[in-house]
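entry.pdb (PDB, C-alpha atoms)
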```pdb
MODEL        1
ATOM      1  CA  MET A   2       0.000   0.000   0.000  1.00  0.00           C
ATOM      2  CA  ALA A   3       1.331   3.407  -0.985  1.00  0.00           C
ATOM      3  CA  LEU A   4       2.184   5.878   1.749  1.00  0.00           C
ATOM      4  CA  SER A   5       0.733   9.385   1.923  1.00  0.00           C
ATOM      5  CA  LYS A   6       2.997  12.167   0.635  1.00  0.00           C
ATOM      6  CA  SER A   7       4.123  13.257   4.130  1.00  0.00           C
ATOM      7  CA  ALA A   8       4.781   9.684   5.304  1.00  0.00           C
ATOM      8  CA  GLU A   9       6.675   8.969   2.077  1.00  0.00           C
ATOM      9  CA  SER A  10       8.957  11.961   2.719  1.00  0.00           C
ATOM     10  CA  VAL A  11       9.811  10.565   6.170  1.00  0.00           C
ATOM     11  CA  GLN A  12      10.498   7.143   4.637  1.00  0.00           C
ATOM     12  CA  LYS A  13      12.820   8.805   2.130  1.00  0.00           C
ATOM     13  CA  SER A  14      14.674  10.619   4.947  1.00  0.00           C
ATOM     14  CA  LEU A  15      15.186   7.324   6.782  1.00  0.00           C
ATOM     15  CA  PHE A  16      16.581   5.647   3.667  1.00  0.00           C
ATOM     16  CA  GLU A  17      18.827   8.649   2.946  1.00  0.00           C
ATOM     17  CA  LYS A  18      20.330   8.196   6.412  1.00  0.00           C
ATOM     18  CA  GLY A  19      20.980   4.541   5.562  1.00  0.00           C
ATOM     19  CA  LEU A  20      18.302   3.316   7.947  1.00  0.00           C
ATOM     20  CA  GLU A  21      16.182   0.269   7.178  1.00  0.00           C
ATOM     21  CA  MET A  22      13.235   1.462   9.265  1.00  0.00           C
ATOM     22  CA  GLU A  23       9.813   1.172   7.700  1.00  0.00           C
ATOM     23  CA  VAL A  24       7.089   3.799   7.930  1.00  0.00           C
ATOM     24  CA  ILE A  25       3.643   2.302   8.387  1.00  0.00           C
ATOM     25  CA  GLU A  26       0.249   3.964   8.264  1.00  0.00           C
ATOM     26  CA  LEU A  27      -2.374   2.793  10.716  1.00  0.00           C
ATOM     27  CA  ALA A  28      -6.157   2.878  10.542  1.00  0.00           C
ATOM     28  CA  ALA A  29      -6.405   4.530  13.978  1.00  0.00           C
ATOM     29  CA  SER A  30      -4.993   7.935  14.899  1.00  0.00           C
ATOM     30  CA  THR A  31      -1.612   8.359  16.565  1.00  0.00           C
ATOM     31  CA  ARG A  32      -2.141  12.101  17.154  1.00  0.00           C
ATOM     32  CA  THR A  33      -1.593  11.802  20.923  1.00  0.00           C
ATOM     33  CA  ALA A  34       0.887   9.578  22.735  1.00  0.00           C
ATOM     34  CA  GLN A  35      -1.984   7.627  24.289  1.00  0.00           C
ATOM     35  CA  ASP A  36      -3.661   7.170  20.874  1.00  0.00           C
ATOM     36  CA  ALA A  37      -0.372   5.953  19.416  1.00  0.00           C
ATOM     37  CA  ALA A  38       0.324   3.501  22.241  1.00  0.00           C
ATOM     38  CA  THR A  39      -3.188   2.101  21.970  1.00  0.00           C
ATOM     39  CA  SER A  40      -3.021   1.796  18.161  1.00  0.00           C
ATOM     40  CA  ILE A  41       0.430   0.196  18.173  1.00  0.00           C
ATOM     41  CA  GLY A  42      -0.010  -1.930  21.295  1.00  0.00           C
ATOM     42  CA  CYS A  43       3.019  -0.628  23.186  1.00  0.00           C
ATOM     43  CA  GLN A  44       3.692   1.266  26.410  1.00  0.00           C
ATOM     44  CA  ILE A  45       2.985   4.998  26.314  1.00  0.00           C
ATOM     45  CA  GLY A  46       6.583   5.665  27.394  1.00  0.00           C
ATOM     46  CA  GLN A  47       7.834   4.102  24.128  1.00  0.00           C
ATOM     47  CA  ILE A  48       6.148   6.826  22.087  1.00  0.00           C
ATOM     48  CA  VAL A  49       8.457   9.630  20.966  1.00  0.00           C
ATOM     49  CA  LYS A  50       6.572  12.922  21.198  1.00  0.00           C
ATOM     50  CA  SER A  51       8.158  15.432  18.795  1.00  0.00           C
ATOM     51  CA  LEU A  52       7.350  18.827  20.300  1.00  0.00           C
ATOM     52  CA  LEU A  53       8.408  22.036  18.609  1.00  0.00           C
ATOM     53  CA  PHE A  54       9.135  25.181  20.583  1.00  0.00           C
ATOM     54  CA  CYS A  55      10.428  28.576  19.489  1.00  0.00           C
ATOM     55  CA  THR A  56      12.911  30.801  21.302  1.00  0.00           C
ATOM     56  CA  LYS A  57      11.233  34.063  22.299  1.00  0.00           C
ATOM     57  CA  GLU A  58      13.954  36.506  21.272  1.00  0.00           C
ATOM     58  CA  THR A  59      15.779  34.890  18.344  1.00  0.00           C
ATOM     59  CA  LYS A  60      12.827  32.852  16.977  1.00  0.00           C
ATOM     60  CA  GLN A  61      14.920  29.689  16.647  1.00  0.00           C
ATOM     61  CA  PRO A  62      13.212  26.282  16.586  1.00  0.00           C
ATOM     62  CA  VAL A  63      13.769  23.915  19.507  1.00  0.00           C
ATOM     63  CA  LEU A  64      12.752  20.292  19.039  1.00  0.00           C
ATOM     64  CA  ILE A  65      12.052  18.195  22.112  1.00  0.00           C
ATOM     65  CA  LEU A  66      11.821  14.408  21.689  1.00  0.00           C
ATOM     66  CA  ALA A  67       9.983  13.383  24.836  1.00  0.00           C
ATOM     67  CA  SER A  68       8.795  10.062  26.171  1.00  0.00           C
ATOM     68  CA  GLY A  69       5.041   9.817  25.697  1.00  0.00           C
ATOM     69  CA  ILE A  70       4.517   9.545  29.430  1.00  0.00           C
ATOM     70  CA  ASN A  71       6.432  12.707  30.367  1.00  0.00           C
ATOM     71  CA  ARG A  72       5.544  16.378  30.452  1.00  0.00           C
ATOM     72  CA  VAL A  73       8.319  18.725  29.344  1.00  0.00           C
ATOM     73  CA  ASN A  74       9.801  21.010  31.980  1.00  0.00           C
ATOM     74  CA  GLU A  75      10.149  24.156  29.869  1.00  0.00           C
ATOM     75  CA  ALA A  76      12.318  25.897  32.488  1.00  0.00           C
ATOM     76  CA  VAL A  77      14.929  23.139  32.136  1.00  0.00           C
ATOM     77  CA  ILE A  78      14.918  23.450  28.338  1.00  0.00           C
ATOM     78  CA  GLN A  79      15.265  27.232  28.596  1.00  0.00           C
ATOM     79  CA  LYS A  80      18.470  26.726  30.609  1.00  0.00           C
ATOM     80  CA  TYR A  81      19.887  24.467  27.879  1.00  0.00           C
ATOM     81  CA  VAL A  82      18.897  26.890  25.109  1.00  0.00           C
ATOM     82  CA  GLY A  83      19.921  30.053  26.945  1.00  0.00           C
ATOM     83  CA  GLU A  84      16.679  31.954  26.416  1.00  0.00           C
ATOM     84  CA  ASN A  85      12.961  31.668  27.020  1.00  0.00           C
ATOM     85  CA  ILE A  86      10.907  29.373  24.808  1.00  0.00           C
ATOM     86  CA  VAL A  87       7.264  29.207  23.795  1.00  0.00           C
ATOM     87  CA  LYS A  88       5.275  26.384  22.229  1.00  0.00           C
ATOM     88  CA  ALA A  89       5.410  26.785  18.439  1.00  0.00           C
ATOM     89  CA  ASP A  90       2.142  27.576  16.710  1.00  0.00           C
ATOM     90  CA  ALA A  91       0.784  25.632  13.745  1.00  0.00           C
ATOM     91  CA  ASP A  92       2.206  28.013  11.097  1.00  0.00           C
ATOM     92  CA  PHE A  93       5.721  28.108  12.593  1.00  0.00           C
ATOM     93  CA  THR A  94       5.644  24.312  12.968  1.00  0.00           C
ATOM     94  CA  ARG A  95       4.693  23.743   9.330  1.00  0.00           C
ATOM     95  CA  ASP A  96       7.208  26.371   8.087  1.00  0.00           C
ATOM     96  CA  ILE A  97      10.094  24.760  10.006  1.00  0.00           C
ATOM     97  CA  THR A  98       9.265  21.067   9.791  1.00  0.00           C
ATOM     98  CA  GLY A  99       7.034  20.809   6.730  1.00  0.00           C
ATOM     99  CA  PHE A 100       4.568  18.810   8.848  1.00  0.00           C
ATOM    100  CA  ALA A 101       1.414  19.569  10.810  1.00  0.00           C
ATOM    101  CA  ILE A 102       1.198  19.276  14.588  1.00  0.00           C
ATOM    102  CA  GLY A 103       0.183  15.717  15.470  1.00  0.00           C
ATOM    103  CA  GLY A 104       2.446  14.092  12.898  1.00  0.00           C
ATOM    104  CA  ILE A 105       5.843  15.737  13.402  1.00  0.00           C
ATOM    105  CA  PRO A 106       8.627  13.177  12.960  1.00  0.00           C
ATOM    106  CA  PRO A 107      11.980  13.436  14.733  1.00  0.00           C
ATOM    107  CA  ILE A 108      13.762  13.679  11.339  1.00  0.00           C
ATOM    108  CA  GLY A 109      13.165  14.836   7.767  1.00  0.00           C
ATOM    109  CA  HIS A 110      12.306  18.451   8.499  1.00  0.00           C
ATOM    110  CA  LYS A 111      12.180  21.178   5.863  1.00  0.00           C
ATOM    111  CA  THR A 112      14.635  23.280   7.892  1.00  0.00           C
ATOM    112  CA  SER A 113      17.610  21.962   9.833  1.00  0.00           C
ATOM    113  CA  ILE A 114      16.987  22.209  13.575  1.00  0.00           C
ATOM    114  CA  VAL A 115      20.127  22.710  15.663  1.00  0.00           C
ATOM    115  CA  ASN A 116      18.504  22.654  19.108  1.00  0.00           C
ATOM    116  CA  VAL A 117      17.287  19.067  19.510  1.00  0.00           C
ATOM    117  CA  TYR A 118      16.873  17.592  22.984  1.00  0.00           C
ATOM    118  CA  ILE A 119      16.116  13.923  23.688  1.00  0.00           C
ATOM    119  CA  ASP A 120      14.362  12.827  26.870  1.00  0.00           C
ATOM    120  CA  GLU A 121      16.738  10.495  28.718  1.00  0.00           C
ATOM    121  CA  ASP A 122      13.746   8.379  29.766  1.00  0.00           C
ATOM    122  CA  LEU A 123      13.380   7.141  26.166  1.00  0.00           C
ATOM    123  CA  LEU A 124      16.622   5.200  26.557  1.00  0.00           C
ATOM    124  CA  GLN A 125      15.116   2.823  29.132  1.00  0.00           C
ATOM    125  CA  TYR A 126      13.193   1.107  26.326  1.00  0.00           C
ATOM    126  CA  GLU A 127      14.574  -1.204  23.681  1.00  0.00           C
ATOM    127  CA  THR A 128      12.141  -0.064  20.988  1.00  0.00           C
ATOM    128  CA  LEU A 129      10.564   3.333  20.351  1.00  0.00           C
ATOM    129  CA  TRP A 130       7.784   4.498  18.027  1.00  0.00           C
ATOM    130  CA  ALA A 131       7.839   7.938  16.407  1.00  0.00           C
ATOM    131  CA  ALA A 132       5.442   9.920  14.236  1.00  0.00           C
ATOM    132  CA  ALA A 133       6.126   9.762  10.523  1.00  0.00           C
ATOM    133  CA  GLY A 134       4.542  12.841   9.000  1.00  0.00           C
ATOM    134  CA  THR A 135       0.823  12.317   9.608  1.00  0.00           C
ATOM    135  CA  PRO A 136      -1.407  11.523  12.602  1.00  0.00           C
ATOM    136  CA  TYR A 137      -1.687   7.959  11.232  1.00  0.00           C
ATOM    137  CA  ALA A 138       1.931   7.197  10.288  1.00  0.00           C
ATOM    138  CA  VAL A 139       4.680   5.867  12.557  1.00  0.00           C
ATOM    139  CA  PHE A 140       8.014   4.110  12.419  1.00  0.00           C
ATOM    140  CA  LYS A 141       9.770   1.839  14.881  1.00  0.00           C
ATOM    141  CA  LEU A 142      13.358   2.458  15.902  1.00  0.00           C
ATOM    142  CA  PRO A 143      15.815   1.037  18.407  1.00  0.00           C
ATOM    143  CA  ALA A 144      16.159   3.485  21.316  1.00  0.00           C
ATOM    144  CA  GLU A 145      19.933   3.312  20.960  1.00  0.00           C
ATOM    145  CA  LYS A 146      19.635   4.930  17.482  1.00  0.00           C
ATOM    146  CA  ILE A 147      17.588   8.007  18.390  1.00  0.00           C
ATOM    147  CA  GLN A 148      20.604  10.191  19.123  1.00  0.00           C
ATOM    148  CA  LEU A 149      22.387   9.004  15.985  1.00  0.00           C
ATOM    149  CA  ILE A 150      19.501   9.754  13.638  1.00  0.00           C
ATOM    150  CA  THR A 151      18.509  13.109  15.186  1.00  0.00           C
ATOM    151  CA  GLY A 152      21.819  14.563  16.357  1.00  0.00           C
ATOM    152  CA  GLY A 153      20.057  15.518  19.575  1.00  0.00           C
ATOM    153  CA  LYS A 154      21.447  15.934  23.058  1.00  0.00           C
ATOM    154  CA  ILE A 155      20.234  13.499  25.710  1.00  0.00           C
ATOM    155  CA  VAL A 156      18.940  15.398  28.740  1.00  0.00           C
ATOM    156  CA  SER A 157      16.542  15.169  31.656  1.00  0.00           C
ATOM    157  CA  ILE A 158      13.460  17.067  30.480  1.00  0.00           C
ATOM    158  CA  LYS A 159      10.540  15.794  32.510  1.00  0.00           C
ATOM    159  CA  GLU A 160       8.500  17.898  34.819  1.00  0.00           C
ATOM    160  CA  GLN A 161       8.642  16.588  38.377  1.00  0.00           C
ATOM    161  CA  VAL A 162       5.252  16.030  39.996  1.00  0.00           C
TER     162      VAL A 162
ENDMDL
END
```

Starting from the file, give its structure as C-alpha coordinates.
Amino acid sequence: MALSKSAESVQKSLFEKGLEMEVIELAASTRTAQDAATSIGCQIGQIVKSLLFCTKETKQPVLILASGINRVNEAVIQKYVGENIVKADADFTRDITGFAIGGIPPIGHKTSIVNVYIDEDLLQYETLWAAAGTPYAVFKLPAEKIQLITGGKIVSIKEQV
(Lines of atoms letter the chains of each structure in order from A and count residues from 1; the text may use other names and numbers.)
(Lines give C-alpha, C1' and ligand atoms only; values in the text may rest on other atoms or scores of the structure.)
Protein backbone atom coordinates (compact mmCIF):
# COMPACT_ATOMS: atom_id res chain seq x y z
CA MET A 1 0.00 0.00 0.00
CA ALA A 2 1.33 3.41 -0.99
CA LEU A 3 2.18 5.88 1.75
CA SER A 4 0.73 9.38 1.92
CA LYS A 5 3.00 12.17 0.63
CA SER A 6 4.12 13.26 4.13
CA ALA A 7 4.78 9.68 5.30
CA GLU A 8 6.68 8.97 2.08
CA SER A 9 8.96 11.96 2.72
CA VAL A 10 9.81 10.56 6.17
CA GLN A 11 10.50 7.14 4.64
CA LYS A 12 12.82 8.80 2.13
CA SER A 13 14.67 10.62 4.95
CA LEU A 14 15.19 7.32 6.78
CA PHE A 15 16.58 5.65 3.67
CA GLU A 16 18.83 8.65 2.95
CA LYS A 17 20.33 8.20 6.41
CA GLY A 18 20.98 4.54 5.56
CA LEU A 19 18.30 3.32 7.95
CA GLU A 20 16.18 0.27 7.18
CA MET A 21 13.24 1.46 9.27
CA GLU A 22 9.81 1.17 7.70
CA VAL A 23 7.09 3.80 7.93
CA ILE A 24 3.64 2.30 8.39
CA GLU A 25 0.25 3.96 8.26
CA LEU A 26 -2.37 2.79 10.72
CA ALA A 27 -6.16 2.88 10.54
CA ALA A 28 -6.41 4.53 13.98
CA SER A 29 -4.99 7.93 14.90
CA THR A 30 -1.61 8.36 16.56
CA ARG A 31 -2.14 12.10 17.15
CA THR A 32 -1.59 11.80 20.92
CA ALA A 33 0.89 9.58 22.73
CA GLN A 34 -1.98 7.63 24.29
CA ASP A 35 -3.66 7.17 20.87
CA ALA A 36 -0.37 5.95 19.42
CA ALA A 37 0.32 3.50 22.24
CA THR A 38 -3.19 2.10 21.97
CA SER A 39 -3.02 1.80 18.16
CA ILE A 40 0.43 0.20 18.17
CA GLY A 41 -0.01 -1.93 21.29
CA CYS A 42 3.02 -0.63 23.19
CA GLN A 43 3.69 1.27 26.41
CA ILE A 44 2.99 5.00 26.31
CA GLY A 45 6.58 5.67 27.39
CA GLN A 46 7.83 4.10 24.13
CA ILE A 47 6.15 6.83 22.09
CA VAL A 48 8.46 9.63 20.97
CA LYS A 49 6.57 12.92 21.20
CA SER A 50 8.16 15.43 18.79
CA LEU A 51 7.35 18.83 20.30
CA LEU A 52 8.41 22.04 18.61
CA PHE A 53 9.13 25.18 20.58
CA CYS A 54 10.43 28.58 19.49
CA THR A 55 12.91 30.80 21.30
CA LYS A 56 11.23 34.06 22.30
CA GLU A 57 13.95 36.51 21.27
CA THR A 58 15.78 34.89 18.34
CA LYS A 59 12.83 32.85 16.98
CA GLN A 60 14.92 29.69 16.65
CA PRO A 61 13.21 26.28 16.59
CA VAL A 62 13.77 23.92 19.51
CA LEU A 63 12.75 20.29 19.04
CA ILE A 64 12.05 18.19 22.11
CA LEU A 65 11.82 14.41 21.69
CA ALA A 66 9.98 13.38 24.84
CA SER A 67 8.80 10.06 26.17
CA GLY A 68 5.04 9.82 25.70
CA ILE A 69 4.52 9.55 29.43
CA ASN A 70 6.43 12.71 30.37
CA ARG A 71 5.54 16.38 30.45
CA VAL A 72 8.32 18.72 29.34
CA ASN A 73 9.80 21.01 31.98
CA GLU A 74 10.15 24.16 29.87
CA ALA A 75 12.32 25.90 32.49
CA VAL A 76 14.93 23.14 32.14
CA ILE A 77 14.92 23.45 28.34
CA GLN A 78 15.26 27.23 28.60
CA LYS A 79 18.47 26.73 30.61
CA TYR A 80 19.89 24.47 27.88
CA VAL A 81 18.90 26.89 25.11
CA GLY A 82 19.92 30.05 26.95
CA GLU A 83 16.68 31.95 26.42
CA ASN A 84 12.96 31.67 27.02
CA ILE A 85 10.91 29.37 24.81
CA VAL A 86 7.26 29.21 23.79
CA LYS A 87 5.28 26.38 22.23
CA ALA A 88 5.41 26.79 18.44
CA ASP A 89 2.14 27.58 16.71
CA ALA A 90 0.78 25.63 13.74
CA ASP A 91 2.21 28.01 11.10
CA PHE A 92 5.72 28.11 12.59
CA THR A 93 5.64 24.31 12.97
CA ARG A 94 4.69 23.74 9.33
CA ASP A 95 7.21 26.37 8.09
CA ILE A 96 10.09 24.76 10.01
CA THR A 97 9.26 21.07 9.79
CA GLY A 98 7.03 20.81 6.73
CA PHE A 99 4.57 18.81 8.85
CA ALA A 100 1.41 19.57 10.81
CA ILE A 101 1.20 19.28 14.59
CA GLY A 102 0.18 15.72 15.47
CA GLY A 103 2.45 14.09 12.90
CA ILE A 104 5.84 15.74 13.40
CA PRO A 105 8.63 13.18 12.96
CA PRO A 106 11.98 13.44 14.73
CA ILE A 107 13.76 13.68 11.34
CA GLY A 108 13.16 14.84 7.77
CA HIS A 109 12.31 18.45 8.50
CA LYS A 110 12.18 21.18 5.86
CA THR A 111 14.63 23.28 7.89
CA SER A 112 17.61 21.96 9.83
CA ILE A 113 16.99 22.21 13.58
CA VAL A 114 20.13 22.71 15.66
CA ASN A 115 18.50 22.65 19.11
CA VAL A 116 17.29 19.07 19.51
CA TYR A 117 16.87 17.59 22.98
CA ILE A 118 16.12 13.92 23.69
CA ASP A 119 14.36 12.83 26.87
CA GLU A 120 16.74 10.50 28.72
CA ASP A 121 13.75 8.38 29.77
CA LEU A 122 13.38 7.14 26.17
CA LEU A 123 16.62 5.20 26.56
CA GLN A 124 15.12 2.82 29.13
CA TYR A 125 13.19 1.11 26.33
CA GLU A 126 14.57 -1.20 23.68
CA THR A 127 12.14 -0.06 20.99
CA LEU A 128 10.56 3.33 20.35
CA TRP A 129 7.78 4.50 18.03
CA ALA A 130 7.84 7.94 16.41
CA ALA A 131 5.44 9.92 14.24
CA ALA A 132 6.13 9.76 10.52
CA GLY A 133 4.54 12.84 9.00
CA THR A 134 0.82 12.32 9.61
CA PRO A 135 -1.41 11.52 12.60
CA TYR A 136 -1.69 7.96 11.23
CA ALA A 137 1.93 7.20 10.29
CA VAL A 138 4.68 5.87 12.56
CA PHE A 139 8.01 4.11 12.42
CA LYS A 140 9.77 1.84 14.88
CA LEU A 141 13.36 2.46 15.90
CA PRO A 142 15.81 1.04 18.41
CA ALA A 143 16.16 3.49 21.32
CA GLU A 144 19.93 3.31 20.96
CA LYS A 145 19.63 4.93 17.48
CA ILE A 146 17.59 8.01 18.39
CA GLN A 147 20.60 10.19 19.12
CA LEU A 148 22.39 9.00 15.99
CA ILE A 149 19.50 9.75 13.64
CA THR A 150 18.51 13.11 15.19
CA GLY A 151 21.82 14.56 16.36
CA GLY A 152 20.06 15.52 19.58
CA LYS A 153 21.45 15.93 23.06
CA ILE A 154 20.23 13.50 25.71
CA VAL A 155 18.94 15.40 28.74
CA SER A 156 16.54 15.17 31.66
CA ILE A 157 13.46 17.07 30.48
CA LYS A 158 10.54 15.79 32.51
CA GLU A 159 8.50 17.90 34.82
CA GLN A 160 8.64 16.59 38.38
CA VAL A 161 5.25 16.03 40.00

Q) So what does the PyMOL selection byres ((chain A and resi 48) around 7) actually pick up in this one, as a ChimeraX atom specification? A) /A:34,38,45-47,49-50,68-69,129-131

Requested in this report: Quick one: everything within 12 Å of range 109-113 of chain A, counting all atoms listed in the file, minus sequence neighbours fewer than 4 positions away in the same chain. Send it as number ranges by chain.
Outcome: A: 7-18, 51, 53, 61-64, 93-101, 104-105, 117, 132-134, 150-153

Interatomic distance, CA of Gln35 in chain A to CA of Asp122 in chain A (Å, one decimal):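 Pair CA of Gln35 in chain A / CA of Asp122 in chain A returns 16.7 Å.
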
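Between CA of Ala28 in chain A and CA of Pro107 in chain A the separation is 21.4 Å.
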
When the PyMOL selection byres ((chain A and resi 81-87) around 9) is applied to the structure above, which residues does it catch, written out as a PyMOL selection string?
chain A and resi 53-60+63+75-80+88-90+116+118
